[in-house]
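Next comes upload-v1.cif, a file with mmCIF, C-alpha atoms.
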data_work
#
loop_
_atom_site.group_PDB
_atom_site.id
_atom_site.type_symbol
_atom_site.label_atom_id
_atom_site.label_comp_id
_atom_site.auth_asym_id
_atom_site.auth_seq_id
_atom_site.Cartn_x
_atom_site.Cartn_y
_atom_site.Cartn_z
ATOM 1 C CA MET A 945 69.273 17.241 21.701
ATOM 2 C CA GLU A 946 66.793 14.466 22.486
ATOM 3 C CA GLN A 947 66.738 15.485 26.157
ATOM 4 C CA ARG A 948 65.985 19.091 25.203
ATOM 5 C CA ASP A 949 63.083 17.944 23.008
ATOM 6 C CA MET A 950 61.741 15.945 25.914
ATOM 7 C CA LEU A 951 61.807 18.998 28.135
ATOM 8 C CA THR A 952 60.098 21.242 25.611
ATOM 9 C CA ASP A 953 57.450 18.673 24.613
ATOM 10 C CA PRO A 954 55.520 17.522 27.711
ATOM 11 C CA ASP A 955 53.703 14.712 25.892
ATOM 12 C CA ARG A 956 56.905 13.269 24.493
ATOM 13 C CA ALA A 957 58.654 13.656 27.825
ATOM 14 C CA SER A 958 55.850 11.807 29.605
ATOM 15 C CA THR A 959 55.903 8.948 27.073
ATOM 16 C CA THR A 960 59.686 8.651 27.128
ATOM 17 C CA LYS A 961 59.735 8.638 30.914
ATOM 18 C CA SER A 962 57.210 5.789 30.947
ATOM 19 C CA VAL A 963 59.208 3.734 28.446
ATOM 20 C CA MET A 964 62.521 4.329 30.163
ATOM 21 C CA LYS A 965 61.019 3.038 33.379
ATOM 22 C CA LYS A 966 59.881 -0.172 31.652
ATOM 23 C CA LEU A 967 62.672 -1.184 29.263
ATOM 24 C CA PRO A 968 66.415 -0.539 29.158
ATOM 25 C CA GLU A 969 68.357 1.683 26.810
ATOM 26 C CA VAL A 970 70.161 -0.174 24.029
ATOM 27 C CA THR A 971 73.744 0.772 24.799
ATOM 28 C CA LEU A 972 77.101 -1.011 24.861
ATOM 29 C CA ALA A 973 76.326 -2.099 28.435
ATOM 30 C CA PHE A 974 73.078 -3.654 27.155
ATOM 31 C CA TRP A 975 74.945 -5.843 24.658
ATOM 32 C CA ILE A 976 77.591 -6.849 27.201
ATOM 33 C CA MET A 977 74.859 -7.989 29.583
ATOM 34 C CA LYS A 978 73.038 -9.767 26.731
ATOM 35 C CA ILE A 979 76.149 -11.768 25.829
ATOM 36 C CA ALA A 980 76.832 -12.564 29.508
ATOM 37 C CA ALA A 981 73.229 -13.717 30.019
ATOM 38 C CA THR A 982 73.174 -15.867 26.871
ATOM 39 C CA THR A 983 76.530 -17.482 27.685
ATOM 40 C CA LEU A 984 75.246 -18.292 31.177
ATOM 41 C CA GLY A 985 72.029 -19.575 29.617
ATOM 42 C CA GLU A 986 74.075 -22.037 27.561
ATOM 43 C CA THR A 987 76.204 -23.339 30.451
ATOM 44 C CA ALA A 988 73.296 -23.431 32.932
ATOM 45 C CA GLY A 989 70.993 -25.192 30.472
ATOM 46 C CA ASP A 990 73.675 -27.825 29.821
ATOM 47 C CA LEU A 991 74.291 -28.100 33.578
ATOM 48 C CA PHE A 992 70.708 -29.139 34.267
ATOM 49 C CA ALA A 993 70.104 -31.220 31.142
ATOM 50 C CA GLN A 994 73.460 -32.961 30.724
ATOM 51 C CA THR A 995 75.621 -32.704 33.846
ATOM 52 C CA LEU A 996 72.765 -33.355 36.271
ATOM 53 C CA LYS A 997 71.211 -35.728 33.682
ATOM 54 C CA LEU A 998 67.700 -34.328 33.947
ATOM 55 C CA GLY A 999 67.392 -34.607 30.184
ATOM 56 C CA TYR A 1000 66.310 -32.142 27.529
ATOM 57 C CA PHE A 1001 62.574 -32.749 27.901
ATOM 58 C CA LEU A 1002 62.230 -32.448 31.679
ATOM 59 C CA THR A 1003 64.670 -29.525 31.847
ATOM 60 C CA THR A 1004 62.816 -27.694 29.074
ATOM 61 C CA VAL A 1005 59.506 -28.055 30.908
ATOM 62 C CA ALA A 1006 61.026 -26.830 34.187
ATOM 63 C CA LEU A 1007 62.860 -23.900 32.581
ATOM 64 C CA PHE A 1008 59.797 -22.894 30.580
ATOM 65 C CA LEU A 1009 57.828 -22.688 33.836
ATOM 66 C CA ILE A 1010 60.609 -20.524 35.313
ATOM 67 C CA PHE A 1011 60.424 -18.329 32.224
ATOM 68 C CA GLY A 1012 56.677 -17.947 32.778
ATOM 69 C CA VAL A 1013 57.173 -16.848 36.391
ATOM 70 C CA THR A 1014 59.904 -14.327 35.547
ATOM 71 C CA LEU A 1015 57.836 -12.986 32.652
ATOM 72 C CA VAL A 1016 54.797 -12.399 34.884
ATOM 73 C CA VAL A 1017 56.990 -10.469 37.334
ATOM 74 C CA GLN A 1018 58.373 -8.338 34.491
ATOM 75 C CA LEU A 1019 54.957 -7.683 32.936
ATOM 76 C CA ARG A 1020 53.416 -6.704 36.267
ATOM 77 C CA SER A 1021 56.211 -4.277 37.051
ATOM 78 C CA ASN A 1022 55.348 -0.649 36.281
ATOM 79 C CA HIS A 1023 58.951 0.483 35.868
ATOM 80 C CA TYR A 1024 62.238 -0.765 34.471
ATOM 81 C CA ASN A 1025 64.009 -2.999 36.963
ATOM 82 C CA PRO A 1026 67.300 -4.458 35.694
ATOM 83 C CA PHE A 1027 66.939 -7.540 37.893
ATOM 84 C CA PHE A 1028 63.469 -8.321 36.533
ATOM 85 C CA TYR A 1029 64.382 -7.619 32.903
ATOM 86 C CA TRP A 1030 67.666 -9.540 32.795
ATOM 87 C CA THR A 1031 66.241 -12.452 34.761
ATOM 88 C CA VAL A 1032 63.713 -12.917 31.958
ATOM 89 C CA ILE A 1033 66.512 -12.692 29.379
ATOM 90 C CA LEU A 1034 68.440 -15.332 31.331
ATOM 91 C CA SER A 1035 65.419 -17.616 31.646
ATOM 92 C CA THR A 1036 64.740 -17.379 27.889
ATOM 93 C CA SER A 1037 68.394 -18.208 27.231
ATOM 94 C CA MET A 1038 68.329 -21.289 29.475
ATOM 95 C CA ALA A 1039 64.974 -22.471 28.132
ATOM 96 C CA GLY A 1040 66.125 -21.730 24.581
ATOM 97 C CA THR A 1041 69.218 -23.889 25.100
ATOM 98 C CA THR A 1042 67.307 -27.007 26.122
ATOM 99 C CA MET A 1043 64.403 -26.379 23.716
ATOM 100 C CA SER A 1044 66.888 -26.231 20.849
ATOM 101 C CA ASP A 1045 68.697 -29.353 22.034
ATOM 102 C CA PHE A 1046 65.406 -31.227 22.411
ATOM 103 C CA MET A 1047 64.326 -30.265 18.884
ATOM 104 C CA ASN A 1048 67.630 -30.963 17.156
ATOM 105 C CA ARG A 1049 69.239 -33.831 19.065
ATOM 106 C CA ASP A 1050 68.428 -37.445 19.954
ATOM 107 C CA ALA A 1051 69.881 -40.275 22.033
ATOM 108 C CA SER A 1052 72.580 -41.222 19.518
ATOM 109 C CA THR A 1053 76.234 -41.469 20.491
ATOM 110 C CA LYS A 1054 76.851 -38.262 18.559
ATOM 111 C CA TYR A 1055 75.187 -36.290 21.355
ATOM 112 C CA LEU A 1056 75.615 -38.588 24.390
ATOM 113 C CA SER A 1057 79.051 -39.154 25.890
ATOM 114 C CA ASN A 1058 80.693 -41.626 28.285
ATOM 115 C CA GLY A 1059 78.757 -44.556 26.888
ATOM 116 C CA ALA A 1060 75.368 -43.212 28.011
ATOM 117 C CA THR A 1061 72.310 -44.523 26.192
ATOM 118 C CA SER A 1062 69.745 -42.121 27.619
ATOM 119 C CA LEU A 1063 69.573 -38.721 29.224
ATOM 120 C CA GLY A 1064 66.948 -38.132 31.876
ATOM 121 C CA TRP A 1065 63.279 -38.964 31.979
ATOM 122 C CA GLY A 1066 60.965 -38.613 29.026
ATOM 123 C CA PRO A 1067 61.695 -38.295 25.301
ATOM 124 C CA GLN A 1068 65.403 -37.949 24.574
ATOM 125 C CA GLY A 1069 64.917 -35.551 21.698
ATOM 126 C CA LEU A 1070 63.158 -35.165 18.369
ATOM 127 C CA GLY A 1071 66.354 -35.506 16.339
ATOM 128 C CA LEU A 1072 65.282 -32.988 13.687
ATOM 129 C CA GLY A 1073 68.821 -31.767 13.087
ATOM 130 C CA TYR A 1074 70.102 -28.199 13.097
ATOM 131 C CA PRO A 1075 68.965 -27.133 9.575
ATOM 132 C CA THR A 1076 65.383 -28.386 10.052
ATOM 133 C CA GLY A 1077 65.186 -27.027 13.594
ATOM 134 C CA ALA A 1078 66.488 -23.634 12.473
ATOM 135 C CA ALA A 1079 64.008 -23.517 9.569
ATOM 136 C CA ILE A 1080 61.099 -24.189 11.939
ATOM 137 C CA LEU A 1081 62.266 -21.538 14.410
ATOM 138 C CA ILE A 1082 62.834 -18.954 11.656
ATOM 139 C CA SER A 1083 59.304 -19.603 10.415
ATOM 140 C CA ILE A 1084 57.859 -19.128 13.909
ATOM 141 C CA LEU A 1085 59.870 -15.940 14.386
ATOM 142 C CA LEU A 1086 58.644 -14.558 11.059
ATOM 143 C CA VAL A 1087 55.045 -15.314 12.060
ATOM 144 C CA ILE A 1088 55.545 -13.410 15.330
ATOM 145 C CA PHE A 1089 56.969 -10.422 13.451
ATOM 146 C CA ALA A 1090 54.114 -10.586 10.922
ATOM 147 C CA VAL A 1091 51.524 -10.515 13.713
ATOM 148 C CA TRP A 1092 53.497 -7.715 15.341
ATOM 149 C CA LYS A 1093 53.438 -5.770 12.062
ATOM 150 C CA VAL A 1094 49.684 -6.282 11.601
ATOM 151 C CA THR A 1095 48.969 -4.889 15.076
ATOM 152 C CA GLY A 1096 50.640 -1.636 14.027
ATOM 153 C CA MET A 1097 52.751 -1.496 17.163
ATOM 154 C CA THR A 1098 56.335 -0.256 17.032
ATOM 155 C CA PHE A 1099 59.362 -2.546 16.800
ATOM 156 C CA GLN A 1100 61.448 0.005 18.729
ATOM 157 C CA ILE A 1101 61.841 -1.553 22.165
ATOM 158 C CA ARG A 1102 62.270 1.835 23.841
ATOM 159 C CA ASP A 1103 58.766 2.759 22.649
ATOM 160 C CA ILE A 1104 56.962 -0.412 23.770
ATOM 161 C CA VAL A 1105 54.509 0.585 26.500
ATOM 162 C CA THR A 1106 51.554 -1.818 26.156
ATOM 163 C CA PHE A 1107 51.007 -5.298 27.577
ATOM 164 C CA ARG A 1108 50.394 -6.718 24.090
ATOM 165 C CA GLY A 1109 53.559 -5.088 22.782
ATOM 166 C CA GLU A 1110 55.616 -6.588 25.600
ATOM 167 C CA ALA A 1111 54.026 -10.011 25.070
ATOM 168 C CA LEU A 1112 55.080 -9.942 21.400
ATOM 169 C CA PHE A 1113 58.524 -8.663 22.352
ATOM 170 C CA TRP A 1114 59.173 -11.494 24.821
ATOM 171 C CA SER A 1115 57.742 -14.107 22.440
ATOM 172 C CA ALA A 1116 60.206 -12.947 19.797
ATOM 173 C CA ILE A 1117 63.042 -13.046 22.317
ATOM 174 C CA LEU A 1118 62.260 -16.605 23.427
ATOM 175 C CA VAL A 1119 62.163 -17.875 19.842
ATOM 176 C CA SER A 1120 65.224 -15.848 18.796
ATOM 177 C CA ASN A 1121 67.246 -17.220 21.721
ATOM 178 C CA THR A 1122 66.212 -20.762 20.786
ATOM 179 C CA LEU A 1123 67.118 -20.087 17.155
ATOM 180 C CA GLY A 1124 70.431 -18.588 18.221
ATOM 181 C CA THR A 1125 71.235 -21.731 20.195
ATOM 182 C CA SER A 1126 70.626 -23.874 17.108
ATOM 183 C CA MET A 1127 72.890 -21.620 15.061
ATOM 184 C CA GLY A 1128 75.608 -21.694 17.720
ATOM 185 C CA ASP A 1129 75.494 -25.481 18.070
ATOM 186 C CA PHE A 1130 75.627 -25.865 14.291
ATOM 187 C CA LEU A 1131 78.698 -23.638 14.097
ATOM 188 C CA SER A 1132 80.367 -25.484 16.976
ATOM 189 C CA ASP A 1133 79.468 -29.081 16.116
ATOM 190 C CA SER A 1134 78.753 -29.349 12.385
ATOM 191 C CA SER A 1135 80.454 -26.506 10.525
ATOM 192 C CA GLY A 1136 84.032 -27.550 11.223
ATOM 193 C CA LEU A 1137 84.857 -24.151 12.719
ATOM 194 C CA GLY A 1138 84.930 -25.368 16.299
ATOM 195 C CA TYR A 1139 83.918 -23.360 19.356
ATOM 196 C CA ALA A 1140 86.506 -20.594 19.028
ATOM 197 C CA GLY A 1141 86.089 -20.376 15.255
ATOM 198 C CA GLY A 1142 82.315 -20.145 15.548
ATOM 199 C CA ALA A 1143 82.603 -17.391 18.151
ATOM 200 C CA LEU A 1144 85.003 -15.438 15.944
ATOM 201 C CA LEU A 1145 82.682 -15.753 12.939
ATOM 202 C CA VAL A 1146 79.692 -14.411 14.885
ATOM 203 C CA THR A 1147 81.838 -11.624 16.351
ATOM 204 C CA GLY A 1148 82.822 -10.616 12.817
ATOM 205 C CA ALA A 1149 79.168 -10.585 11.748
ATOM 206 C CA LEU A 1150 78.287 -8.368 14.714
ATOM 207 C CA ALA A 1151 81.114 -6.007 13.758
ATOM 208 C CA VAL A 1152 79.596 -5.705 10.264
ATOM 209 C CA LEU A 1153 76.227 -4.836 11.828
ATOM 210 C CA ALA A 1154 77.910 -2.143 13.918
ATOM 211 C CA VAL A 1155 79.305 -0.592 10.724
ATOM 212 C CA LEU A 1156 75.904 -0.795 9.010
ATOM 213 C CA MET A 1157 74.400 1.272 11.811
ATOM 214 C CA LYS A 1158 76.129 4.253 10.203
ATOM 215 C CA VAL A 1159 74.392 3.584 6.866
ATOM 216 C CA PRO A 1160 71.185 5.678 6.755
ATOM 217 C CA VAL A 1161 69.280 3.392 4.361
ATOM 218 C CA VAL A 1162 69.559 0.375 6.679
ATOM 219 C CA PRO A 1163 66.875 0.422 9.418
ATOM 220 C CA ASN A 1164 68.393 0.274 12.886
ATOM 221 C CA VAL A 1165 65.408 -1.769 14.101
ATOM 222 C CA LEU A 1166 66.301 -4.522 11.612
ATOM 223 C CA LEU A 1167 69.932 -4.415 12.699
ATOM 224 C CA PHE A 1168 68.885 -4.646 16.348
ATOM 225 C CA TRP A 1169 66.916 -7.851 15.857
ATOM 226 C CA ILE A 1170 69.633 -9.441 13.710
ATOM 227 C CA ALA A 1171 72.173 -8.563 16.398
ATOM 228 C CA PHE A 1172 69.840 -9.891 19.089
ATOM 229 C CA VAL A 1173 69.668 -13.257 17.311
ATOM 230 C CA LEU A 1174 73.422 -13.362 16.603
ATOM 231 C CA THR A 1175 74.473 -12.624 20.174
ATOM 232 C CA ARG A 1176 72.811 -15.907 21.154
ATOM 233 C CA PRO A 1177 75.079 -18.161 19.022
ATOM 234 C CA LEU A 1178 77.991 -16.080 20.298
ATOM 235 C CA GLY A 1179 76.942 -16.988 23.834
ATOM 236 C CA ALA A 1180 76.334 -20.610 22.816
ATOM 237 C CA THR A 1181 79.764 -21.044 21.228
ATOM 238 C CA ALA A 1182 81.470 -19.183 24.063
ATOM 239 C CA GLY A 1183 79.655 -21.347 26.622
ATOM 240 C CA ASP A 1184 80.643 -24.537 24.794
ATOM 241 C CA PHE A 1185 84.224 -23.304 24.535
ATOM 242 C CA LEU A 1186 84.327 -22.897 28.324
ATOM 243 C CA THR A 1187 82.711 -26.219 29.222
ATOM 244 C CA LYS A 1188 83.522 -28.818 26.561
ATOM 245 C CA PRO A 1189 86.522 -31.201 26.805
ATOM 246 C CA VAL A 1190 89.915 -30.124 25.526
ATOM 247 C CA ALA A 1191 89.806 -32.977 23.000
ATOM 248 C CA LYS A 1192 86.786 -31.299 21.414
ATOM 249 C CA GLY A 1193 88.382 -27.852 21.382
ATOM 250 C CA GLY A 1194 87.025 -26.561 24.704
ATOM 251 C CA LEU A 1195 88.657 -25.503 27.959
ATOM 252 C CA ASN A 1196 86.945 -28.219 30.044
ATOM 253 C CA LEU A 1197 86.062 -25.836 32.876
ATOM 254 C CA GLY A 1198 82.800 -27.682 33.498
ATOM 255 C CA THR A 1199 79.226 -26.467 33.438
ATOM 256 C CA ALA A 1200 78.979 -25.898 37.208
ATOM 257 C CA GLY A 1201 82.132 -23.796 37.590
ATOM 258 C CA SER A 1202 81.537 -21.823 34.407
ATOM 259 C CA SER A 1203 77.916 -21.137 35.363
ATOM 260 C CA ALA A 1204 78.932 -19.931 38.839
ATOM 261 C CA VAL A 1205 81.494 -17.488 37.427
ATOM 262 C CA LEU A 1206 79.133 -16.222 34.737
ATOM 263 C CA LEU A 1207 76.329 -15.812 37.289
ATOM 264 C CA ALA A 1208 78.611 -13.696 39.462
ATOM 265 C CA VAL A 1209 79.528 -11.551 36.447
ATOM 266 C CA LEU A 1210 75.880 -11.115 35.433
ATOM 267 C CA LEU A 1211 74.800 -10.232 38.980
ATOM 268 C CA GLY A 1212 77.579 -7.649 39.131
ATOM 269 C CA LEU A 1213 76.369 -6.136 35.859
ATOM 270 C CA MET A 1214 72.789 -6.113 37.185
ATOM 271 C CA VAL A 1215 73.886 -4.210 40.273
ATOM 272 C CA TYR A 1216 75.743 -1.725 38.069
ATOM 273 C CA ALA A 1217 72.651 -1.302 35.868
ATOM 274 C CA GLN A 1218 70.453 -0.810 38.928
ATOM 275 C CA VAL A 1219 72.736 1.889 40.356
ATOM 276 C CA ARG A 1220 72.975 3.597 36.973
ATOM 277 C CA GLU A 1221 69.196 3.502 36.542
ATOM 278 C CA ARG A 1222 68.625 5.111 39.938
ATOM 279 C CA ARG A 1223 71.097 7.876 39.117
ATOM 280 C CA THR A 1224 69.501 8.654 35.760
ATOM 281 C CA THR A 1225 65.949 8.681 37.132
ATOM 282 C CA THR A 1226 66.706 10.768 40.236
ATOM 283 C CA PRO A 1227 65.385 14.331 39.731
ATOM 284 C CA HIS A 1228 67.656 17.356 39.867
ATOM 285 C CA THR A 1229 70.819 15.390 39.158
ATOM 286 C CA LYS A 1230 73.965 17.183 38.097
ATOM 287 C CA GLU A 1231 73.591 15.866 34.559
ATOM 288 C CA ARG A 1232 70.166 17.404 34.087
ATOM 289 C CA GLY A 1233 71.067 20.829 35.413
ATOM 290 C CA PRO A 1234 72.844 22.156 32.278
ATOM 291 C CA VAL A 1235 70.224 20.627 29.982
ATOM 292 C CA THR A 1236 67.431 22.425 31.801
ATOM 293 C CA GLN A 1237 69.311 25.707 31.533
ATOM 294 C CA GLN A 1238 69.816 25.208 27.807
ATOM 295 C CA ALA A 1239 66.140 24.541 27.313
ATOM 296 C CA ASP A 1240 65.266 27.716 29.191
#
Give the structure from this file in structure tokens form.
Amino acid sequence: MEQRDMLTDPDRASTTKSVMKKLPEVTLAFWIMKIAATTLGETAGDLFAQTLKLGYFLTTVALFLIFGVTLVVQLRSNHYNPFFYWTVILSTSMAGTTMSDFMNRDASTKYLSNGATSLGWGPQGLGLGYPTGAAILISILLVIFAVWKVTGMTFQIRDIVTFRGEALFWSAILVSNTLGTSMGDFLSDSSGLGYAGGALLVTGALAVLAVLMKVPVVPNVLLFWIAFVLTRPLGATAGDFLTKPVAKGGLNLGTAGSSAVLLAVLLGLMVYAQVRERRTTTPHTKERGPVTQQAD
């Protein structure tokens, strides 16, 4: 029905075409790629900060610069490119991992293993703790949404077509991924649920959101952003479950091996998304034939 409206309304068709070229559709494939990217962000962030001992501070600075580069590429693109889009998502996930760790952790034995007394160059961490760190990040996220609301621009990502709208969108994503990391680490380390238990709890919460999508009075935009935040702790707990020692409830697969496998999975999903995007944007495809006839 939506495709028919697009064909019969030239203005709407033109706008929708522009948006579809810039941002992805929110489908099941979108959420699978989001979870894959956030899980990789967790393992890759820990790989640089902990395994390679670059430390939270130095790694955060480096990953934030990478985020800036990937964001510029995405913003300058005039059409939706899955590789550009999901690379930014991945960079926000990696930066969010180390930003969260830097805010919440310190150089105490609770966070450093194998008798280490320091981790990399620079400050070891602010040691704010998960509740305080989460409260700060929630406040920042609310400020971003308040500014977004004041501008009058839509919260529907498929309708974001302006530079300012995209800037707000990516700011919210960076903060939400950092917040999600704090939530995931809290569930894994401090709640007593463990890595698997934390992942199951978040999965259950996401299932509730999926049911609420069928409730007309609940705005789907609100559900989208809640789900976007919650998929980050799911990735964080899943990443910790893959990499942490067996004694701590993990599988002890290591950050390097887990990151390599997850990167291969994400690249495969990117290729699939790229092929799918080309098929859907190619004119006179078989799928569009019957729709055009119905509109006529």
Starting from 5 Å padding per side, set up an axis-aligned box that covers all listed atoms of segment 1123-1139 of chain A and hand over centre and edge lengths in Å, one decimal, as AutoDock Vina command-line options.
--center_x 76.0 --center_y -24.0 --center_z 15.4 --size_x 27.8 --size_y 20.8 --size_z 19.7
*Contacts of Gly1073 of chain A at 8 Å or less, counting all atoms listed in the file, minus same-chain residues fewer than 5 places along, as a PyMOL selection string?*
chain A and resi 1047-1049
*For segment 1118-1121 of chain A, please output as a ChimeraX atom specification all residues within 6 Å (counting only C-alpha atoms; exclusion window: fewer than 5 positions along the same chain).*
/A:1036-1037,1040,1173,1176
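Between atom CA of Val1105 of chain A and atom CA of Tyr1029 of chain A lies a distance of 14.3 Å.
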*Considering all atoms listed in the file, return as a PyMOL selection string whatever protein or nucleic-acid residues lie within 12 Å of Phe1027 of chain A, sequence-local ones (same chain, fewer than 3 positions apart) excluded.*
chain A and resi 966-968+977+981+1014-1015+1017-1018+1021+1023-1024+1030-1035+1210-1219+1221
*Once the PyMOL selection byres ((chain A and resi 987) around 9) has been applied to the shown file, what residues remain in the selection, as number ranges by chain?*
A: 982-986, 988-992, 1038, 1041, 1180, 1183-1184, 1186-1187, 1198-1200, 1202-1203, 1206
*Pick the closest to Ile1101 of chain A from A:Asp1133, A:Leu1166, A:Val1016, A:Val970: which is it, counting only C-alpha atoms?*
A:Val970
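Proximity of A:Thr971, A:Thr1076, A:Thr995, A:Thr1175 to Gly1201 of chain A, computed with all atoms listed in the file, is greatest for A:Thr995.
Among the candidates A:Ala1149, A:Leu1167, A:Val1161, A:Leu1156, the residue lying nearest to Phe1099 of chain A is A:Leu1167 (atoms considered: only C-alpha atoms).
For the structure in this document, the set picked by the PyMOL selection byres ((chain A and resi 1080-1084) around 10) is Ser1044, Met1047, Leu1072, Tyr1074, Pro1075, Thr1076, Gly1077, Ala1078, Ala1079, Leu1085, Leu1086, Val1087, Ile1088, Phe1089, Ala1090, Ser1115, Ala1116, Val1119, Ser1120, Asn1121, Thr1122, Leu1123, Gly1124 and Ser1126 of chain A.
Note that the spacing between atom CA of Gly1128 of chain A and atom CA of Thr1181 of chain A amounts to 5.5 Å.
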*To one decimal in Å, tell me the separation between atom CA of Leu1207 of chain A and atom CA of Thr1042 of chain A.*
18.2 Å
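Residue nearest Arg1102 of chain A, chosen from A:Phe1001, A:Arg1222, A:Val1165, A:Gly1069 and counting all atoms listed in the file: A:Val1165.
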